[in-house]
Amino acid sequence: MPTYVLGLREVDRTQARLVGGKGANLGELSRIEGIRVPAGFCVTTGAFQRIMGEAPAIGELLDRLSSLAANDRDELRRLSGELRRLIEATAVPDDLQAALTRALSRLGADEAHAVRSSATAEDLPGASFAGQQDTYLNVRGTQAILTHVRRCWASLFSERAVTYRIQHAFDHRKVHMAVVVQKMVFPQAAGILFTADPVTSNRKVASIEAGFGLGEALVAGLARTDRYKLRDGQIAERAIATKTLATCAAAEGGTEERAIEPERQNEPVLTVAQVLQLERLGRQIERHFAHPQDIEWCLAEDGFHIVQSRPITTVYPVPESNDRGNRVYISVGHQQMMTDAMKPLGLSFFQLTAGGPMHAAGGRLFVDVTPQLASPASRDAFLKLLERSDPLIQGAIVSIVERGDFIPQLPDEAPASQPGKQAMARFDAQVEDDPAIVAALIERSQTALAELKSEIRTRAGTELFDFILADIPRFKQLMFGPTNMGVIMAGMNAAWWLNEMMMTWLGEKNAADTLSQSVANNITSEMGLDLLHVADVIRPYPAVVAYLQQVEHDGFLDEMAGLDGGPEARDAIVAYLDKYGMRCAGEIDITRARWSEKPTTLVPLLLSNIKNFEPHAGARKFAQGQQEASQHAQALLERLRQLPDGEQKASEARRMIERLRNFSGYREYPKYSIINRYFVYKQALLREAERLVQADVIHDVEDIDYLTFAELREVVRTHQLDDQIVRTRKAEHELHKKLTPPRVITSDGEIVACAPRRADLPAGAIAGLPVSSGVVEGRARVLLDMADAELEAGDILVTTFTDPSWTPLFVSIKGLVTEVGGLMTHGAVIAREYGLPAVVSVEHATRLIRDGQRIRVHGTDGYVEILT
C-alpha cells in the first residue's frame, strides 16, 4: 500500500522523490542536533500521483502543455489555469483523507499550521525553483488544511512554475508535488541567511537580512530589512533600515500587513548576540550539507527556528587543492577560448598534457597563480604580461594584491621555484631571425605525429594507457622546449614592441595589427582559406550544392559518388578533413566530437562560402593581406626616417617587423599539434571503449567520457564499473553546464571581477578590449553555436568565444565581438591576420546585442556601438 504521510523526522535528504526538495531538506534539518525545525509531516508524492491518476482529463491537458514553448504565453496561461481548477476540484479519496486526518490529530488539528508546496524539482543544486509553488500560513482546521493541500498540488501548474520548467528543460510529467504541513511559528522576527556572499560568492562571508514579523514580505521583496555581513564570526558590515511594514498572522487565519509603530521603525531587529548566534547555526547547517546554504529563519521567544534551507545555486565551486592557505586562481578556459564545461575524461586528459598543474572546479580548469604574486619581482612581470594579454584578469588580480592581507608575501626577489619564468621571457633572444627555424619545428612535429600513429596501432588494454602516459612527457618536451617557446615569444614580443614604440614615436595605435596580416605558417588562418578552396571545387556542380543543402546525417560523403561532380567534391572534403578533421568547437576537451566524426558541422560553412565568394577568393584574400602589411610597413619605416635618429629607429623597426612576420604565425601551430595528438589518443581510447561495450562493462562508448583517465585505465584492467558513477557524473556535468565560470576566483570562493574602466566612451557604447584595429559597421550575427552559422557577406560575428574551429567563419565576416578573450588568444590572432576589426572581453555581448541589429565595432579603441 502506498505511503501517503510521513513525519518530518522519518525523512532525510535522500527522499526528495517521495517528499520533494523542501520536505527532504526539512526532514534532514530536523535530524541535526541543536537545529529547531517546526514539527510537522509530509504528504508524499504518492498522494499527488493518486489524485492526478483519478482525473483522465489531466493527462490530456498535460499532453497539450508539453508541446508548448515558453513564449506561448496565452496558451500556457489557459492550459495551466484549467489544470489548477481541475486539481483543486478533485475529491480527496477517503483513505488518503483519513491518513491526513490522523497525522493532523497528532500535530493538533485545531492549531495554526503552515502548508508548504514541496516539488521533486525544487531546491536542487542547479535549479532552486524558489517561489515557483505556493505556501499558505496560519491555516486552521482539518478541512481548511485539506483545501490548501489541494491548492499546493495545483500550484505545480501555476503559469510561472510551468514556464520555469520549460526554460530549464524539466518534463512536466516527471515533476511531482509533495506538501509539508508544519506547526505555525508566530515570530517576532524573520529573515534570510546566506552562508556565502550572494554577490561575490565568498564562502567566508555570511549575509543576513532581518525584518519584523513573518518572513513573507521580506522574501517577496515588499519590506525593507536590516542587513549584516559577517566574516570569521564577526560583524563586518551592518545597515539598520527604517522598517515601516511587517507581515503578521491574522486572527481569522492567513496573514495581513501591519504598520510598524514609529518608535520601533529604526530599532535593530536582532541584537549583536542574536546575529552571531544565527551565523553559527548557519555554519552548522552548511557543514552538514557540505554546500553553501540559503536559509529561511524565524525568531520566536524560545529562539531561532529554521523553516527552510536550500543550496545556493549561484555559487561557483572552489578549485580543488590540497593547500588550505589563501590561493588565487585564474581560468584556463578564458585563455583557451573555451569556457564550456568539460567532461571528466577531458578534464583529466588536459591536466595530464598541460605545461603545469591545473585545478578542476565546476567542469573547468584553473591555474594557481599565487606563487607568481608572492614577491614583487615575479608579481610585476606577471601583471605586465596580463596587462598585455587580458586586462580584465589583470585588473581583478591587482585588486586582490592591493588589499595587502590575502596573498602571503615573500622577500623582494623572484622565488626559487620560478626560474623558468624569467628564462621564458628571454627565450626570444636565443632565436635568430631565420624563418627556417619555424619550418624545422613544423617538420619535427609532423614526424613525431607520424611516429605516434605508427606506434599506437598495436597497443591495447592497459598497455595502451601506459604507452600514452609514457608518450605525454615526450610530447611536452616537444611542445614546451626552449626553441618552441622562443619562437612564440619572439613573435609576441615583436608585436608588443611595435605597438609600444610606434605609439611612442609616431602616435599610431596598434601598429602590429596590420603588420600581422597574412603571415607565413599560420595553420589556423590557412584552415579558413583552405575551406574556401573546397568551396571552389564544389561550386561548379549544382547537383552537389543541392545535395549538401539537404544533408542531415554524417554519412553523407559516401552517398556523393553518383552525383555529377560528387567524386571531386568528396575528395576535396576528405582531403580537408585529413588535414583539419581533428578540430572542433571546444577542442581542448578530448571528448568533443571532431569534424572527422561529425562532418556535417562543415556543411553550413561550405554553403556559406559557395554563396558569398567568387572562385579563388582564398588566394586573393591572402595576397591582399600581404600587400596591405607590406605597404603599411613601408609607410611606417618612411615616417620613422623623418624623425631624429630616424635611420636607427627604422632599422630597429624593420628587424621587429621581420621577426613578427617570420614567427607570429607559428603561435597557432603548437595547439594544432596538440589537437592532432589528442585525436590519435582519442581514436585508440574509443577502440577500448568498443571492447568494453562488447563485454557489457559499459552501455555506450560515450560512457568513458565520464571517467577520468586513471579510472578508465582501471576499468579496462578489471572490466568492472559501477553504473552509478557514470549516472552521477552525467548529472554533475549537466549542472556544470549551467554555471558561468569566473575569470578569477580565490580559495575563499570569492569571484573577483574587474569591469573595464573607460571614461572616453560615447554614450551607450559597450566597452571591451581592442585586439584588432579598424572600425566597421554591419549586421550583428549573434551565434552561440557554429552549426547555426548562416552568414551574409559583411556580417559581424557576435558570440561568447571563438576557438580555432571557428576560423572558417572568419573569411565570411568583417568584424568580431566576443565575450571572452585577450590580446593573444586565438580569435584575436586570426582577426589580426585577416584584417578584421575585433573587440573581445565584451561582457554579456550576446545579450546586449540582438541578432540582426546594426552595430559599429571600434577595433582600435575597444568598444561597440549599437546603431539600430
# chains A, B, ... in the order shown; residues from 1 in each chain; ligands from 1
>>> residues_around(residues="range 841-847 of chain A", least_positions_apart="4", cutoff="7 Å", atoms="only C-alpha atoms", output="PyMOL selection string")
chain A and resi 767-769+782+798-800+818-822
>>> write_last_selection(atoms="N, CA and C atoms", output="tab-separated table (two decimals), in the first residue's frame")
chain	number	residue	atom	x	y	z
A	767	ALA	N	31.88	48.63	-23.60
A	767	ALA	CA	33.35	48.56	-23.54
A	767	ALA	C	33.85	47.14	-23.69
A	768	GLY	N	35.04	47.02	-24.27
A	768	GLY	CA	35.73	45.75	-24.38
A	768	GLY	C	37.22	45.98	-24.53
A	769	LEU	N	37.91	44.96	-24.99
A	769	LEU	CA	39.36	45.03	-25.17
A	769	LEU	C	39.67	45.09	-26.66
A	782	VAL	N	24.45	37.16	-34.12
A	782	VAL	CA	24.69	36.62	-32.77
A	782	VAL	C	24.58	35.10	-32.84
A	798	VAL	N	29.04	38.03	-33.47
A	798	VAL	CA	28.95	38.30	-32.03
A	798	VAL	C	28.72	36.97	-31.34
A	799	THR	N	29.62	36.57	-30.46
A	799	THR	CA	29.49	35.27	-29.82
A	799	THR	C	30.17	35.29	-28.46
A	800	THR	N	30.05	34.18	-27.74
A	800	THR	CA	30.67	34.11	-26.41
A	800	THR	C	32.17	33.99	-26.52
A	818	THR	N	33.43	39.31	-29.08
A	818	THR	CA	33.28	38.14	-28.22
A	818	THR	C	33.21	38.57	-26.76
A	819	GLU	N	32.60	37.70	-25.94
A	819	GLU	CA	32.50	37.96	-24.51
A	819	GLU	C	33.79	37.58	-23.78
A	820	VAL	N	34.54	36.67	-24.36
A	820	VAL	CA	35.75	36.14	-23.74
A	820	VAL	C	36.91	36.38	-24.69
A	821	GLY	N	38.10	36.58	-24.12
A	821	GLY	CA	39.28	36.68	-24.98
A	821	GLY	C	40.27	37.69	-24.48
A	822	GLY	N	41.46	37.62	-25.04
A	822	GLY	CA	42.53	38.54	-24.72
A	822	GLY	C	43.32	38.88	-25.96
>>> residues_around(residues="Ala109 in chain A", least_positions_apart="5", cutoff="8 Å", atoms="only C-alpha atoms", output="JSON, numbers by chain")
{"A": [101, 104, 140, 141, 142]}
>>> closest_residue(among="A:Met560, A:Val811, A:Arg727, A:Glu777", to="Gly528 in chain A", atoms="only C-alpha atoms")
A:Val811
>>> residues_around(residues="Arg570 in chain A", least_positions_apart="3", cutoff="10 Å", atoms="only C-alpha atoms", output="number ranges by chain")
A: 534, 537-538, 544, 556-561, 565-567, 573-576
>>> write_last_selection(atoms="N, CA and C atoms", output="short mmCIF file (atom, residue, chain, number, x, y, z; two decimals), in the first residue's frame")
data_model
loop_
_atom_site.label_atom_id
_atom_site.label_comp_id
_atom_site.auth_asym_id
_atom_site.auth_seq_id
_atom_site.Cartn_x
_atom_site.Cartn_y
_atom_site.Cartn_z
N VAL A 534 37.95 24.41 -50.98
CA VAL A 534 36.98 23.32 -51.10
C VAL A 534 35.69 23.83 -51.74
N VAL A 537 35.97 23.97 -55.43
CA VAL A 537 35.81 22.67 -56.10
C VAL A 537 34.34 22.33 -56.27
N ILE A 538 33.52 22.63 -55.28
CA ILE A 538 32.11 22.23 -55.29
C ILE A 538 31.24 23.16 -56.11
N VAL A 544 25.67 18.80 -56.56
CA VAL A 544 26.34 18.61 -55.26
C VAL A 544 25.88 19.70 -54.28
N PHE A 556 27.07 11.41 -45.19
CA PHE A 556 26.75 11.97 -46.50
C PHE A 556 27.86 11.85 -47.52
N LEU A 557 29.12 11.77 -47.08
CA LEU A 557 30.22 11.70 -48.04
C LEU A 557 30.16 10.44 -48.89
N ASP A 558 29.72 9.35 -48.29
CA ASP A 558 29.67 8.08 -49.02
C ASP A 558 28.58 8.08 -50.09
N GLU A 559 27.62 8.98 -49.98
CA GLU A 559 26.48 8.99 -50.91
C GLU A 559 26.66 9.98 -52.06
N MET A 560 27.83 10.62 -52.14
CA MET A 560 28.03 11.65 -53.16
C MET A 560 28.57 11.10 -54.48
N ALA A 561 29.04 9.85 -54.46
CA ALA A 561 29.77 9.33 -55.63
C ALA A 561 28.94 9.37 -56.90
N GLY A 565 30.01 15.59 -60.34
CA GLY A 565 30.96 16.32 -59.51
C GLY A 565 31.10 15.75 -58.11
N GLY A 566 30.34 14.70 -57.80
CA GLY A 566 30.38 14.11 -56.46
C GLY A 566 31.74 13.59 -56.06
N PRO A 567 32.43 12.79 -56.92
CA PRO A 567 33.76 12.30 -56.54
C PRO A 567 34.76 13.43 -56.28
N ILE A 573 36.67 17.39 -49.80
CA ILE A 573 36.27 17.44 -48.39
C ILE A 573 37.10 16.46 -47.56
N VAL A 574 37.34 15.27 -48.10
CA VAL A 574 38.14 14.27 -47.38
C VAL A 574 39.56 14.78 -47.17
N ALA A 575 40.14 15.41 -48.20
CA ALA A 575 41.49 15.95 -48.05
C ALA A 575 41.52 17.03 -46.98
N TYR A 576 40.48 17.84 -46.93
CA TYR A 576 40.40 18.89 -45.90
C TYR A 576 40.31 18.24 -44.52
#
>>> closest_residue(among="A:Tyr541, A:Trp496, A:Phe709, A:Trp297", to="Gly282 in chain A", atoms="only C-alpha atoms")
A:Trp297
>>> atom_distance(atom1="CA of Gly859 in chain A", atom2="CA of Pro837 in chain A")
4.5 Å
>>> select_by_dssp(residues="range 304-481 of chain A", states="strand (DSSP E or B)", output="ChimeraX atom specification")
/A:304-311,328-331,359-361,364-368
>>> residues_around(residues="Tyr669 in chain A", least_positions_apart="6", cutoff="8 Å", atoms="only C-alpha atoms", output="list in words")
Ile442, Asn521, Asn522, Ile523 and Thr524 of chain A
>>> residues_around(residues="range 370-374 of chain A", least_positions_apart="6", cutoff="7 Å", atoms="only C-alpha atoms", output="list in words")
Arg327, Val328, Phe382, Ile407, Pro408, Gln409 and Leu410 of chain A
>>> atom_distance(atom1="CA of Gly774 in chain A", atom2="CA of Asp795 in chain A")
15.2 Å
>>> atom_distance(atom1="CA of Tyr329 in chain A", atom2="CA of Ala354 in chain A")
15.8 Å
>>> closest_residue(among="A:Arg102, A:Arg224, A:Lys476, A:Arg203", to="Ile751 in chain A", atoms="only C-alpha atoms")
A:Arg203
>>> residues_around(residues="range 498-504 of chain A", least_positions_apart="4", cutoff="8 Å", atoms="only C-alpha atoms", output="PyMOL selection string")
chain A and resi 494+508-512+653+656-657
>>> residues_around(residues="range 237-254 of chain A", least_positions_apart="5", cutoff="7 Å", atoms="only C-alpha atoms", output="CSV table (one decimal) with N, CA and C atoms, in the first residue's frame")
chain,number,residue,atom,x,y,z
A,137,LEU,N,0.1,30.2,5.1
A,137,LEU,CA,0.4,30.4,6.5
A,137,LEU,C,-0.8,30.5,7.4
A,138,ASN,N,-0.7,30.1,8.6
A,138,ASN,CA,-1.8,30.3,9.6
A,138,ASN,C,-3.1,29.7,9.1
A,139,VAL,N,-3.0,28.4,8.7
A,139,VAL,CA,-4.2,27.7,8.3
A,139,VAL,C,-4.7,26.8,9.5
A,140,ARG,N,-6.0,26.9,9.8
A,140,ARG,CA,-6.6,26.2,10.9
A,140,ARG,C,-7.7,25.3,10.5
A,212,PHE,N,10.9,42.6,11.0
A,212,PHE,CA,9.9,42.2,12.0
A,212,PHE,C,8.8,41.4,11.4
A,213,GLY,N,8.2,40.5,12.2
A,213,GLY,CA,7.1,39.7,11.8
A,213,GLY,C,7.5,38.5,11.0
A,214,LEU,N,6.5,38.0,10.2
A,214,LEU,CA,6.8,36.8,9.3
A,214,LEU,C,7.7,37.2,8.2
A,216,GLU,N,7.4,36.6,5.0
A,216,GLU,CA,6.8,36.6,3.6
A,216,GLU,C,7.1,37.9,2.9
A,217,ALA,N,6.9,39.0,3.6
A,217,ALA,CA,7.1,40.3,2.9
A,217,ALA,C,8.6,40.5,2.6
A,223,ALA,N,9.3,44.5,1.9
A,223,ALA,CA,9.6,45.2,3.1
A,223,ALA,C,11.1,45.5,3.2
A,224,ARG,N,11.5,46.6,3.8
A,224,ARG,CA,12.9,46.9,4.0
A,224,ARG,C,13.4,46.1,5.1
A,225,THR,N,14.7,45.8,5.1
A,225,THR,CA,15.3,44.9,6.1
A,225,THR,C,16.6,45.4,6.6
A,226,ASP,N,16.9,45.0,7.9
A,226,ASP,CA,18.3,45.2,8.4
A,226,ASP,C,19.2,44.2,7.6
A,227,ARG,N,20.4,44.7,7.4
A,227,ARG,CA,21.4,43.8,6.6
A,227,ARG,C,22.7,43.7,7.4
A,228,TYR,N,23.2,42.5,7.4
A,228,TYR,CA,24.5,42.3,8.1
A,228,TYR,C,25.4,41.4,7.2
A,229,LYS,N,26.7,41.7,7.2
A,229,LYS,CA,27.7,40.8,6.6
A,229,LYS,C,28.7,40.4,7.7
A,230,LEU,N,29.0,39.1,7.8
A,230,LEU,CA,29.8,38.6,8.8
A,230,LEU,C,31.0,37.9,8.2
A,259,ALA,N,1.3,48.1,9.9
A,259,ALA,CA,2.3,49.1,10.0
A,259,ALA,C,3.1,49.0,11.3
A,260,ILE,N,4.4,49.3,11.3
A,260,ILE,CA,5.2,49.2,12.5
A,260,ILE,C,5.2,50.5,13.2
A,265,GLN,N,10.5,51.7,14.3
A,265,GLN,CA,10.9,51.5,12.9
A,265,GLN,C,12.4,51.5,12.7
A,266,ASN,N,13.2,52.2,13.6
A,266,ASN,CA,14.6,52.2,13.4
A,266,ASN,C,15.4,51.4,14.4
A,268,PRO,N,17.0,48.0,15.8
A,268,PRO,CA,17.6,46.8,15.1
A,268,PRO,C,16.7,45.6,15.4
>>> select_by_dssp(residues="range 301-430 of chain A", states="helix (DSSP H, G or I)", output="PyMOL selection string")
chain A and resi 333-336+344-353+370-373+376-389+391-403+419-425+427-430
>>> closest_residue(among="A:Arg539, A:Arg691, A:Arg17, A:Arg403", to="Ser608 in chain A", atoms="only C-alpha atoms")
A:Arg539
>>> closest_residue(among="A:Glu792, A:Asp380, A:Glu432, A:Glu28", to="Arg659 in chain A", atoms="only C-alpha atoms")
A:Glu432
>>> closest_residue(among="A:Leu29, A:Leu385, A:Met184, A:Val401", to="Gln308 in chain A", atoms="only C-alpha atoms")
A:Leu29
>>> decode(residues="range 605-616 of chain A", atoms="all heavy atoms", output="PDB file, in the first residue's frame")
ATOM      1  N   LEU A 605      29.158  25.950 -43.373  1.00  0.00           N
ATOM      2  CA  LEU A 605      30.278  26.826 -43.704  1.00  0.00           C
ATOM      3  C   LEU A 605      30.612  26.732 -45.190  1.00  0.00           C
ATOM      4  O   LEU A 605      30.878  27.749 -45.845  1.00  0.00           O
ATOM      5  CB  LEU A 605      31.507  26.445 -42.873  1.00  0.00           C
ATOM      6  CG  LEU A 605      31.308  26.325 -41.363  1.00  0.00           C
ATOM      7  CD1 LEU A 605      32.620  25.973 -40.678  1.00  0.00           C
ATOM      8  CD2 LEU A 605      30.749  27.609 -40.793  1.00  0.00           C
ATOM      9  N   LEU A 606      30.581  25.525 -45.731  1.00  0.00           N
ATOM     10  CA  LEU A 606      30.829  25.355 -47.154  1.00  0.00           C
ATOM     11  C   LEU A 606      29.765  26.058 -47.996  1.00  0.00           C
ATOM     12  O   LEU A 606      30.078  26.749 -48.973  1.00  0.00           O
ATOM     13  CB  LEU A 606      30.855  23.862 -47.496  1.00  0.00           C
ATOM     14  CG  LEU A 606      32.172  23.123 -47.255  1.00  0.00           C
ATOM     15  CD1 LEU A 606      31.977  21.628 -47.399  1.00  0.00           C
ATOM     16  CD2 LEU A 606      33.232  23.616 -48.232  1.00  0.00           C
ATOM     17  N   LEU A 607      28.510  25.880 -47.611  1.00  0.00           N
ATOM     18  CA  LEU A 607      27.425  26.512 -48.360  1.00  0.00           C
ATOM     19  C   LEU A 607      27.535  28.033 -48.289  1.00  0.00           C
ATOM     20  O   LEU A 607      27.264  28.733 -49.275  1.00  0.00           O
ATOM     21  CB  LEU A 607      26.075  26.034 -47.825  1.00  0.00           C
ATOM     22  CG  LEU A 607      25.749  24.554 -48.101  1.00  0.00           C
ATOM     23  CD1 LEU A 607      24.481  24.141 -47.358  1.00  0.00           C
ATOM     24  CD2 LEU A 607      25.594  24.296 -49.596  1.00  0.00           C
ATOM     25  N   SER A 608      27.932  28.549 -47.128  1.00  0.00           N
ATOM     26  CA  SER A 608      28.118  29.987 -46.988  1.00  0.00           C
ATOM     27  C   SER A 608      29.237  30.481 -47.903  1.00  0.00           C
ATOM     28  O   SER A 608      29.107  31.512 -48.569  1.00  0.00           O
ATOM     29  CB  SER A 608      28.429  30.330 -45.529  1.00  0.00           C
ATOM     30  OG  SER A 608      28.715  31.707 -45.385  1.00  0.00           O
ATOM     31  N   ASN A 609      30.338  29.735 -47.967  1.00  0.00           N
ATOM     32  CA  ASN A 609      31.454  30.121 -48.835  1.00  0.00           C
ATOM     33  C   ASN A 609      31.057  30.077 -50.316  1.00  0.00           C
ATOM     34  O   ASN A 609      31.447  30.941 -51.102  1.00  0.00           O
ATOM     35  CB  ASN A 609      32.649  29.200 -48.599  1.00  0.00           C
ATOM     36  CG  ASN A 609      33.349  29.480 -47.283  1.00  0.00           C
ATOM     37  OD1 ASN A 609      33.075  30.482 -46.623  1.00  0.00           O
ATOM     38  ND2 ASN A 609      34.248  28.593 -46.885  1.00  0.00           N
ATOM     39  N   ILE A 610      30.301  29.040 -50.684  1.00  0.00           N
ATOM     40  CA  ILE A 610      29.852  28.920 -52.078  1.00  0.00           C
ATOM     41  C   ILE A 610      28.963  30.101 -52.454  1.00  0.00           C
ATOM     42  O   ILE A 610      29.072  30.663 -53.549  1.00  0.00           O
ATOM     43  CB  ILE A 610      29.107  27.582 -52.272  1.00  0.00           C
ATOM     44  CG1 ILE A 610      30.088  26.411 -52.144  1.00  0.00           C
ATOM     45  CG2 ILE A 610      28.385  27.547 -53.619  1.00  0.00           C
ATOM     46  CD1 ILE A 610      29.422  25.051 -52.025  1.00  0.00           C
ATOM     47  N   LYS A 611      28.111  30.507 -51.521  1.00  0.00           N
ATOM     48  CA  LYS A 611      27.157  31.588 -51.784  1.00  0.00           C
ATOM     49  C   LYS A 611      27.822  32.959 -51.793  1.00  0.00           C
ATOM     50  O   LYS A 611      27.515  33.808 -52.644  1.00  0.00           O
ATOM     51  CB  LYS A 611      26.063  31.547 -50.716  1.00  0.00           C
ATOM     52  CG  LYS A 611      25.083  32.704 -50.760  1.00  0.00           C
ATOM     53  CD  LYS A 611      24.116  32.613 -49.588  1.00  0.00           C
ATOM     54  CE  LYS A 611      23.190  33.813 -49.545  1.00  0.00           C
ATOM     55  NZ  LYS A 611      22.288  33.761 -48.359  1.00  0.00           N
ATOM     56  N   ASN A 612      28.748  33.202 -50.870  1.00  0.00           N
ATOM     57  CA  ASN A 612      29.240  34.557 -50.630  1.00  0.00           C
ATOM     58  C   ASN A 612      30.527  34.915 -51.364  1.00  0.00           C
ATOM     59  O   ASN A 612      30.925  36.090 -51.349  1.00  0.00           O
ATOM     60  CB  ASN A 612      29.458  34.775 -49.126  1.00  0.00           C
ATOM     61  CG  ASN A 612      28.149  34.747 -48.337  1.00  0.00           C
ATOM     62  OD1 ASN A 612      27.106  35.151 -48.851  1.00  0.00           O
ATOM     63  ND2 ASN A 612      28.203  34.264 -47.104  1.00  0.00           N
ATOM     64  N   PHE A 613      31.201  33.932 -51.992  1.00  0.00           N
ATOM     65  CA  PHE A 613      32.509  34.222 -52.572  1.00  0.00           C
ATOM     66  C   PHE A 613      32.596  33.794 -54.036  1.00  0.00           C
ATOM     67  O   PHE A 613      31.937  32.845 -54.467  1.00  0.00           O
ATOM     68  CB  PHE A 613      33.619  33.531 -51.775  1.00  0.00           C
ATOM     69  CG  PHE A 613      33.792  34.078 -50.386  1.00  0.00           C
ATOM     70  CD1 PHE A 613      33.174  33.476 -49.307  1.00  0.00           C
ATOM     71  CD2 PHE A 613      34.558  35.211 -50.169  1.00  0.00           C
ATOM     72  CE1 PHE A 613      33.321  33.988 -48.031  1.00  0.00           C
ATOM     73  CE2 PHE A 613      34.714  35.726 -48.892  1.00  0.00           C
ATOM     74  CZ  PHE A 613      34.091  35.124 -47.819  1.00  0.00           C
ATOM     75  N   GLU A 614      33.453  34.501 -54.757  1.00  0.00           N
ATOM     76  CA  GLU A 614      33.806  34.134 -56.121  1.00  0.00           C
ATOM     77  C   GLU A 614      34.974  33.139 -56.076  1.00  0.00           C
ATOM     78  O   GLU A 614      35.649  33.010 -55.047  1.00  0.00           O
ATOM     79  CB  GLU A 614      34.203  35.383 -56.913  1.00  0.00           C
ATOM     80  CG  GLU A 614      33.084  36.399 -57.079  1.00  0.00           C
ATOM     81  CD  GLU A 614      31.941  35.853 -57.920  1.00  0.00           C
ATOM     82  OE1 GLU A 614      32.227  35.081 -58.867  1.00  0.00           O
ATOM     83  OE2 GLU A 614      30.771  36.180 -57.620  1.00  0.00           O
ATOM     84  N   PRO A 615      35.223  32.430 -57.181  1.00  0.00           N
ATOM     85  CA  PRO A 615      36.358  31.483 -57.192  1.00  0.00           C
ATOM     86  C   PRO A 615      37.680  32.166 -56.842  1.00  0.00           C
ATOM     87  O   PRO A 615      37.902  33.341 -57.136  1.00  0.00           O
ATOM     88  CB  PRO A 615      36.360  30.970 -58.643  1.00  0.00           C
ATOM     89  CG  PRO A 615      34.940  31.117 -59.093  1.00  0.00           C
ATOM     90  CD  PRO A 615      34.422  32.360 -58.413  1.00  0.00           C
ATOM     91  N   HIS A 616      38.553  31.401 -56.201  1.00  0.00           N
ATOM     92  CA  HIS A 616      39.914  31.809 -55.835  1.00  0.00           C
ATOM     93  C   HIS A 616      39.927  32.957 -54.817  1.00  0.00           C
ATOM     94  O   HIS A 616      40.899  33.702 -54.722  1.00  0.00           O
ATOM     95  CB  HIS A 616      40.719  32.213 -57.078  1.00  0.00           C
ATOM     96  CG  HIS A 616      40.642  31.218 -58.189  1.00  0.00           C
ATOM     97  ND1 HIS A 616      41.091  29.922 -58.044  1.00  0.00           N
ATOM     98  CD2 HIS A 616      40.135  31.318 -59.452  1.00  0.00           C
ATOM     99  CE1 HIS A 616      40.876  29.259 -59.171  1.00  0.00           C
ATOM    100  NE2 HIS A 616      40.296  30.079 -60.049  1.00  0.00           N
TER     101      HIS A 616
END
